[in-house]
Amino acid sequence: MSQMKMGDNRKIEGAVDSISNLPDEILQQHILCFIPTKISISTSLLSRRWRHVWCEVHSISLDVDTLTAASVNETLNRYAAPKTKNFHLRIKPITENKPYIDRWIKWAMSHNVESLSLDLCFSHFKYELPDFFFNSSSVKQLKINLQFYHMIVLQPECTISWTSLQKLSLTSCSLSNESMAKILSGCPVLENLTFDYWNELNVLDLSKSLRLRTLELQRDEWYQGPRQIVAPHIHCLRLHDSGLSCTLVDVSSLAEANLEISCVSDRYTDRIYDLETMGLKMLEKLHNVEKLTFGGNFIQLLSLAEIRGPVPILWGGAPFPILKVKALTLDINICQYVIPGIERLLQNSPDLEKLKVRGRTRFQVPEEFAGNYLKLRGFNVNKCWRSKDGVSWNKCCEDLKSEHVSSLVELVLKNTEKLDKMVVLLDERYLNFKIEDVVVPTLPRNKSVNVVLSNTKLMGSDSEEW
C-alpha cells in the first residue's frame, strides 16, 4: 500500500514538472491568452517559473466588476509585452471608476492593440469617449457596448482615423446620421459592420464604404435603428427586426441574407397586416439572392399571409416574389404554423438545390398568437393549417412525431424540381422518437435527392458548409 502511494507521489511530481517545463510561448499564446487576466495572474501560484509569464501575454481581459481600479492600474503597470493584440475592458456602473477610464483606454491604444472591446455599462453618469480614441492605425477590430443606450458624441473638431479597422460592432448606442457618416469616412478598409439595439440613426448610407461586405443589424421596439439601408456593396446581410420597418433601398450586390423577426410584443396580432406587407416587400428586395436563411417567426408570418390570401396592391399589399435562391436554410419549429409558408416558399423557389431545416426554438412567437388572429377573423383553425394535400401537423415542437418529419420531407420533394440535398437537424431536447424511425419517402422525380436526418443538442451556426 505504501509503495503504491510513493509511486503515486512520483507520478504527481512528474506531472508538476511537466507543466512547469511548458515553453512560455505555449503558455502565453495557447492557454493564458484565452482566459481573463485575473485568472491568468493567479496561475503564477502554480509554478515559480510562471510568476511573470502572464506579464507578456498578448491579450488582456479586465472585468472591473470583480476588480478595483487600483488592481487594474497595478496590473497594467506590471504588464511587460511590447504589443497587445487583444484588450477587453468591462466597467461596472459606479462613478469611482470614471477618472480612470480614459487612462485605461489610452494605455491599450499606446500598446498598438489590434482587437479592442469596451463594455461600458454606465447608468448613473454620462461618459464621452475621448478624442484620442478615434485615431488609431493599429485597431483592426472594435466592439463598443454602452448597454444603457448612451449617445456616442462626436465634437465638431473631432477627426476619425481608423485606417486599419476591418470589423466594427456597436451595441446599445445612439448615433446621429452625421456622426455615423463621419465614422464611416474614417474607416477606409471596413469590411464588417454590426449594430445591435441602437437608435437615432434614420438612414444608414454605406454607399461610400466600398470594401464593406457584411452588415448585421438587430432591431427591436425600443432601439429602432435605421429606417432605410443603402448598402450597394455588401454581400451578406443579417437582419433581425421586430417590426420589419426597415426599408432596403439598395442591396444590389447581396449574395447571402438572413432574415428574422427577432422580438415581438403583445401588439403582434394587431400588426400582422402591416408585418405581412412589409415582409413580402423585403422579400422582393432579396429575390436575386442565392443563399437565404429565414427564422421561424418570419416563416410563420408568410404562413398567415398565405392563409389570409394576398393583400390587394391597391391597399398597399405586395405579391409573393419568385426567388432565385439555390441554398435555403429554415430555422423553425416543425409544426403546423410554418407549413403554409414553407409550401409557398418552395413553390416560388424554382432553382432551389439545397435545403437545410434546423428544428430549433429561438425568438419564437407564441403559437396561440397566430391561432387567435385567424379565429378572430372567422377562419376554421382546424383546417387552415393543413398543407394542400390534407396532412395534419403537430401544434408545437414537443408534439413532433416521426411521421411529421416524414411528411415534411414529402412536402419538400413534391414542391421542388432541382433539389439535390436536404438536411434536417432536430434539437434532441424535444424529440420523443428515434431518427431511425423516420421513413424517408421517395418520389419518381426525386430519386437522386440526398436526404440527411440528424439530431443534435447544439445547432450549427449560419456559417455551416453544405
# chains A, B, ... in the order shown; residues from 1 in each chain; ligands from 1

$ select_by_dssp --residues "range 107-353 of chain A" --states "strand (DSSP E)" --output "PyMOL selection string"
chain A and resi 115-120+135-136+141-151+161-162+167-174+192-196+203-205+214-219+228-230+236-241+247-250+256-260+291-295+327-332

$ residues_around --residues "Cys158 in chain A" --least-positions-apart "3" --cutoff "12 Å" --atoms "only C-alpha atoms" --output "PyMOL selection string"
chain A and resi 129-135+153-155+161+179+182-183+186

$ closest_residue --among "A:Ser110, A:Tyr337, A:Tyr79, A:Ser117" --to "Asp63 in chain A" --atoms "only C-alpha atoms"
A:Ser117

$ closest_residue --among "A:Cys396, A:Leu292, A:Leu201, A:Ile91" --to "Leu67 in chain A" --atoms "only C-alpha atoms"
A:Ile91

$ closest_residue --among "A:Leu425, A:Cys236, A:Leu215, A:Leu210" --to "Arg358 in chain A" --atoms "only C-alpha atoms"
A:Leu425

$ select_by_dssp --residues "range 94-234 of chain A" --states "alpha helix (DSSP H)" --output "list in words"
Lys98, Pro99, Tyr100, Ile101, Asp102, Arg103, Trp104, Ile105, Lys106, Trp107, Ala108, Met109, Ser110, Asn177, Glu178, Ser179, Met180, Ala181, Lys182, Ile183, Leu184 and Ser185 of chain A

$ residues_around --residues "Met422 in chain A" --least-positions-apart "2" --cutoff "6 Å" --atoms "only C-alpha atoms" --output "PyMOL selection string"
chain A and resi 354-356+451

$ write_last_selection --atoms "C-alpha atoms" --output "mmCIF file, in the first residue's frame"
data_model
loop_
_atom_site.group_PDB
_atom_site.id
_atom_site.type_symbol
_atom_site.label_atom_id
_atom_site.label_comp_id
_atom_site.auth_asym_id
_atom_site.auth_seq_id
_atom_site.Cartn_x
_atom_site.Cartn_y
_atom_site.Cartn_z
ATOM 1 C CA LYS A 354 -30.089 22.630 -51.256
ATOM 2 C CA LEU A 355 -32.403 22.893 -48.259
ATOM 3 C CA LYS A 356 -31.472 22.797 -44.587
ATOM 4 C CA VAL A 451 -31.861 13.370 -47.606
#

$ residues_around --residues "Gln300 in chain A" --least-positions-apart "6" --cutoff "9 Å" --atoms "only C-alpha atoms" --output "JSON list (two decimals) with N, CA and C atoms, in the first residue's frame"
[["chain", "number", "residue", "atom", "x", "y", "z"],
["A", 332, "ILE", "N", -36.58, 26.84, -37.71],
["A", 332, "ILE", "CA", -38.00, 26.79, -37.37],
["A", 332, "ILE", "C", -38.30, 25.75, -36.31],
["A", 337, "TYR", "N", -47.82, 25.79, -37.80],
["A", 337, "TYR", "CA", -47.84, 27.22, -38.03],
["A", 337, "TYR", "C", -46.84, 27.69, -39.09],
["A", 338, "VAL", "N", -45.94, 26.83, -39.52],
["A", 338, "VAL", "CA", -44.97, 27.23, -40.54],
["A", 338, "VAL", "C", -45.19, 26.52, -41.87],
["A", 339, "ILE", "N", -46.06, 25.51, -41.90],
["A", 339, "ILE", "CA", -46.21, 24.68, -43.10],
["A", 339, "ILE", "C", -46.71, 25.46, -44.32],
["A", 340, "PRO", "N", -47.79, 26.26, -44.22],
["A", 340, "PRO", "CA", -48.23, 27.01, -45.41],
["A", 340, "PRO", "C", -47.16, 27.94, -45.96],
["A", 341, "GLY", "N", -46.39, 28.57, -45.07],
["A", 341, "GLY", "CA", -45.33, 29.46, -45.52],
["A", 341, "GLY", "C", -44.21, 28.72, -46.22],
["A", 342, "ILE", "N", -43.83, 27.54, -45.68],
["A", 342, "ILE", "CA", -42.80, 26.72, -46.32],
["A", 342, "ILE", "C", -43.25, 26.26, -47.69],
["A", 365, "VAL", "N", -42.37, 33.29, -31.70],
["A", 365, "VAL", "CA", -43.65, 33.90, -31.33],
["A", 365, "VAL", "C", -44.57, 32.81, -30.79],
["A", 370, "ALA", "N", -50.94, 33.39, -33.55],
["A", 370, "ALA", "CA", -51.41, 33.17, -34.92],
["A", 370, "ALA", "C", -52.80, 32.55, -34.93]]

$ atom_distance --atom1 "CA of Glu178 in chain A" --atom2 "CA of Lys285 in chain A"
26.6 Å

$ residues_around --residues "Glu290 in chain A" --least-positions-apart "4" --cutoff "6 Å" --atoms "only C-alpha atoms" --output "PDB file with C-alpha atoms, in the first residue's frame"
ATOM      1  CA  ALA A 255     -25.336  37.015 -52.281  1.00  0.00           C
ATOM      2  CA  LYS A 324     -33.595  32.825 -57.301  1.00  0.00           C
ATOM      3  CA  VAL A 325     -32.414  31.116 -54.123  1.00  0.00           C
ATOM      4  CA  LYS A 326     -30.289  27.991 -54.571  1.00  0.00           C
TER       5      LYS A 326
END

$ atom_distance --atom1 "CA of Ala231 in chain A" --atom2 "CA of Leu244 in chain A"
17.1 Å

$ atom_distance --atom1 "CA of Ala305 in chain A" --atom2 "CA of Leu346 in chain A"
14.9 Å

$ residues_around --residues "range 412-416 of chain A" --least-positions-apart "5" --cutoff "8 Å" --atoms "only C-alpha atoms" --output "number ranges by chain"
A: 343, 346-347, 349-350, 352, 443, 446

$ residues_around --residues "Asp331 in chain A" --least-positions-apart "5" --cutoff "7 Å" --atoms "only C-alpha atoms" --output "NGL selection string"
:A and (294-296 or 357-360)

$ closest_residue --among "A:Leu212, A:Cys121, A:Ala70, A:Leu411" --to "Pro99 in chain A" --atoms "only C-alpha atoms"
A:Ala70

$ closest_residue --among "A:Lys375, A:Lys291, A:His88, A:Lys281" --to "Arg308 in chain A" --atoms "only C-alpha atoms"
A:Lys375

$ closest_residue --among "A:Val189, A:Ile334, A:Leu280, A:Leu142" --to "Ser169 in chain A" --atoms "only C-alpha atoms"
A:Leu142
